[in-house]
Each structure stands twice: as structure tokens, then as C-alpha cells.
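Student: Sending over a structure as C-alpha cells; questions will come in a sec.
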Amino acid sequence: MSRFLNVLRSWLVMVAIIAMGNTLQSFRDHTFLYEKLYTGKPDLVNGLQARTFGIWTLLSSVIRCLCAIDIHNKTLYHITLWTFLLALGHFLSELFVYGTAAPTIGVLAPLMVASFSILGMLVGLRYLEVEPVSRQKKRN
């Protein structure tokens with residue numbers, strides 16, 4: 001396996017672990033969301049919305065962790081890429097369309113993580129295309 005894919009796998013595990021922490025925080029205390037993320041309209045944040053955000057974050061975390069385990073599964077790889085695209089779209093829309101988020105570190109951090117992850121996964125696609133061919137050559 002290429003060094004780049006190993007680094008990408010480590011990145012995905014790290015992001016998944018952080019997301020699991022955010023999930024726990026969303027279930028434990030919903031004030032986390034309006035103090036850190038949705039500072040533009042904190043009155044819209046309630047316990048139900050926080051738990052829904054937590055489940056969405058947990059699902060993304062599980063998908064990313066599974067991709068790190070089986071990075072050569074192209075379907076899982078593409079689904080993982082979509083988790084980052086959806087996260088980027090969500091936070092950008094909350095920031096620029098709905099006005100529920102302000103450009104604080106609580107919003108900028110997930111935007112940067114999603115952006116770097118998308119970039120890394122797009123570069124990683126090139127390595128996925130090359131590796132199966134090189135693996136077959138080694139077997140012959």
C-alpha cells in the first residue's frame with residue numbers, strides 16, 4: 001500500500017475519533033451546539049436537533065472508520081468522500097445561506113477538516129486506481 005493511502009487511513013481514523021467525541025457531546029449537552037457551532041441563531045438549537053446532529057455525526061464517523069479499515073473498497077471510499085462533501089455543504093449553507101452559524105473557530109475547524117479531507121481523498125483516488133494493477137503484477 002502506498003504511503004499516501006496509509007497517511008489517509010490515519011487521517012480518517014483521527015477524524016472519526018474526533019467525530020465520536022462530538023457525538024457524545026451532542027447527546028450529553030446541547031448547549032455545545034449553540035455555544036460553538038450555531039452561534040448566529042442559538043434559539044433554534046434544542047435537544048432534538050442536537051441528538052439528530054449527533055446521530056448524523058456518528059454515522060459519518062462509522063463510515064470514515066470503516067473506510068480507513070478497508071480503503072480499497074471503492075464504494076465505501078466514495079461514500080466516505082460524500083460524507084465530507086455533505087459536511088462541507090452543511091456548514092457552508094449554515095454560514096452563508098441560513099445565517100445560523102458565524103465564522104468562528106467552531107465552524108471554521110469543520111470547514112477546514114472537510115476541505116482537507118476532500119482534497120486528500122481526491123488525491124487518494126489516483127493511488128487507488130494504480131495499486132490494484134501493481135498488486136496483480138506482483139502476483140504474476
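Ligands are numbered from 1 in the order shown, residues from 1 within each chain, and chains are lettered A, B, ... in the order they appear in the C-alpha cells.
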Chain A: which residues are helix (DSSP H, G or I) by DSSP, as a PyMOL selection string?
Tutor: chain A and resi 3-28+31-36+42-44+47-69+74-96+105-139
Student: Determine, for each residue of segment 77-125 of chain A having at least one atom at most 7 Å from an atom of segment 24-39 of chain A, the closest pair of atoms and their separation in Å to one decimal, counting only C-alpha atoms; order by chain and ascending number, as a tab-separated table.
Tutor:
residue	atom	partner	partner_atom	distance
A:Thr100	CA	A:Tyr38	CA	5.2
A:Ala101	CA	A:Tyr38	CA	4.4
A:Ala102	CA	A:Thr39	CA	6.0
A:Gly106	CA	A:Lys36	CA	4.9
A:Val107	CA	A:Leu37	CA	5.5
Student: Can you tell me which residues surround Ile18 of chain A at a distance of at most 12 Å, considering only C-alpha atoms, apart from same-chain residues fewer than 6 positions away, and format the answer as JSON, numbers by chain?
Tutor: {"A": [11, 12, 24, 25, 57, 58, 60, 61, 62, 64, 65, 109, 110, 113]}
Student: Figure out the distance between atom CA of Leu66 of chain A and atom CA of Leu92 of chain A, please, to one decimal in Å.
Tutor: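 Between atom CA of Leu92 of chain A and atom CA of Leu66 of chain A the gap is 26.0 Å.
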Student: For a test of reading the model, state the distance in Å between atom CA of Ile79 of chain A and atom CA of Ile63 of chain A, rounded to one decimal.
Tutor: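 These atoms are spaced 7.7 Å apart.
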Student: Tell me which of A:Gly124, A:Gly89, A:Pro103, A:Gly47 sits closest to Arg3 of chain A, counting only C-alpha atoms.
Tutor: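 Checking each candidate against Arg3 of chain A, we get A:Gly124 as the closest.
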Student: If we count only C-alpha atoms, what is near Met112 of chain A at a cut-off of 12 Å, once residues fewer than 4 positions away on the same chain are taken out, given as a CSV table (one decimal) with N, CA and C atoms, in the first residue's frame?
Tutor:
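Full text of part04.csv as output:
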chain,number,residue,atom,x,y,z
A,15,VAL,N,-10.1,11.7,12.3
A,15,VAL,CA,-11.3,12.5,12.1
A,15,VAL,C,-12.5,11.7,12.7
A,84,PHE,N,-17.8,13.9,3.6
A,84,PHE,CA,-17.1,15.2,3.7
A,84,PHE,C,-17.7,16.3,2.9
A,85,LEU,N,-18.2,15.9,1.7
A,85,LEU,CA,-18.9,16.9,0.8
A,85,LEU,C,-20.2,17.4,1.5
A,87,ALA,N,-20.8,17.4,4.7
A,87,ALA,CA,-20.5,18.2,5.9
A,87,ALA,C,-20.1,19.6,5.4
A,88,LEU,N,-19.2,19.7,4.4
A,88,LEU,CA,-18.8,21.0,3.8
A,88,LEU,C,-20.1,21.8,3.4
A,91,PHE,N,-22.1,23.0,6.5
A,91,PHE,CA,-21.6,24.2,7.3
A,91,PHE,C,-21.5,25.4,6.4
A,92,LEU,N,-21.3,25.3,5.2
A,92,LEU,CA,-21.3,26.5,4.3
A,92,LEU,C,-22.7,27.1,4.2
A,103,PRO,N,-18.7,32.9,11.5
A,103,PRO,CA,-17.3,32.4,11.2
A,103,PRO,C,-16.4,32.4,12.4
A,105,ILE,N,-14.2,29.8,15.2
A,105,ILE,CA,-13.3,28.6,15.2
A,105,ILE,C,-14.2,27.3,15.2
A,106,GLY,N,-15.3,27.3,15.9
A,106,GLY,CA,-16.2,26.2,15.9
A,106,GLY,C,-16.8,25.8,14.6
A,107,VAL,N,-16.9,26.7,13.7
A,107,VAL,CA,-17.4,26.4,12.3
A,107,VAL,C,-16.2,26.3,11.3
A,108,LEU,N,-15.2,27.2,11.5
A,108,LEU,CA,-14.1,27.1,10.6
A,108,LEU,C,-13.3,25.8,10.7
A,116,PHE,N,-9.8,19.7,3.6
A,116,PHE,CA,-8.6,19.0,3.6
A,116,PHE,C,-8.9,17.5,3.3
A,117,SER,N,-9.9,17.0,3.9
A,117,SER,CA,-10.3,15.6,3.7
A,117,SER,C,-10.8,15.3,2.2
A,118,ILE,N,-11.5,16.2,1.7
A,118,ILE,CA,-12.0,16.1,0.3
A,118,ILE,C,-10.8,16.1,-0.6
A,119,LEU,N,-9.9,17.1,-0.4
A,119,LEU,CA,-8.7,17.2,-1.2
A,119,LEU,C,-7.8,15.9,-1.1
A,120,GLY,N,-7.6,15.4,0.1
A,120,GLY,CA,-6.9,14.2,0.3
A,120,GLY,C,-7.5,13.0,-0.3
Student: Name the closest residue to Ser2 of chain A among the candidates A:Ala50, A:Leu122, A:Val130, A:Ala16; distances are taken between atoms, counting only C-alpha atoms.
Tutor: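 Nearest candidate to Ser2 of chain A out of A:Ala50, A:Leu122, A:Val130, A:Ala16: A:Val130.
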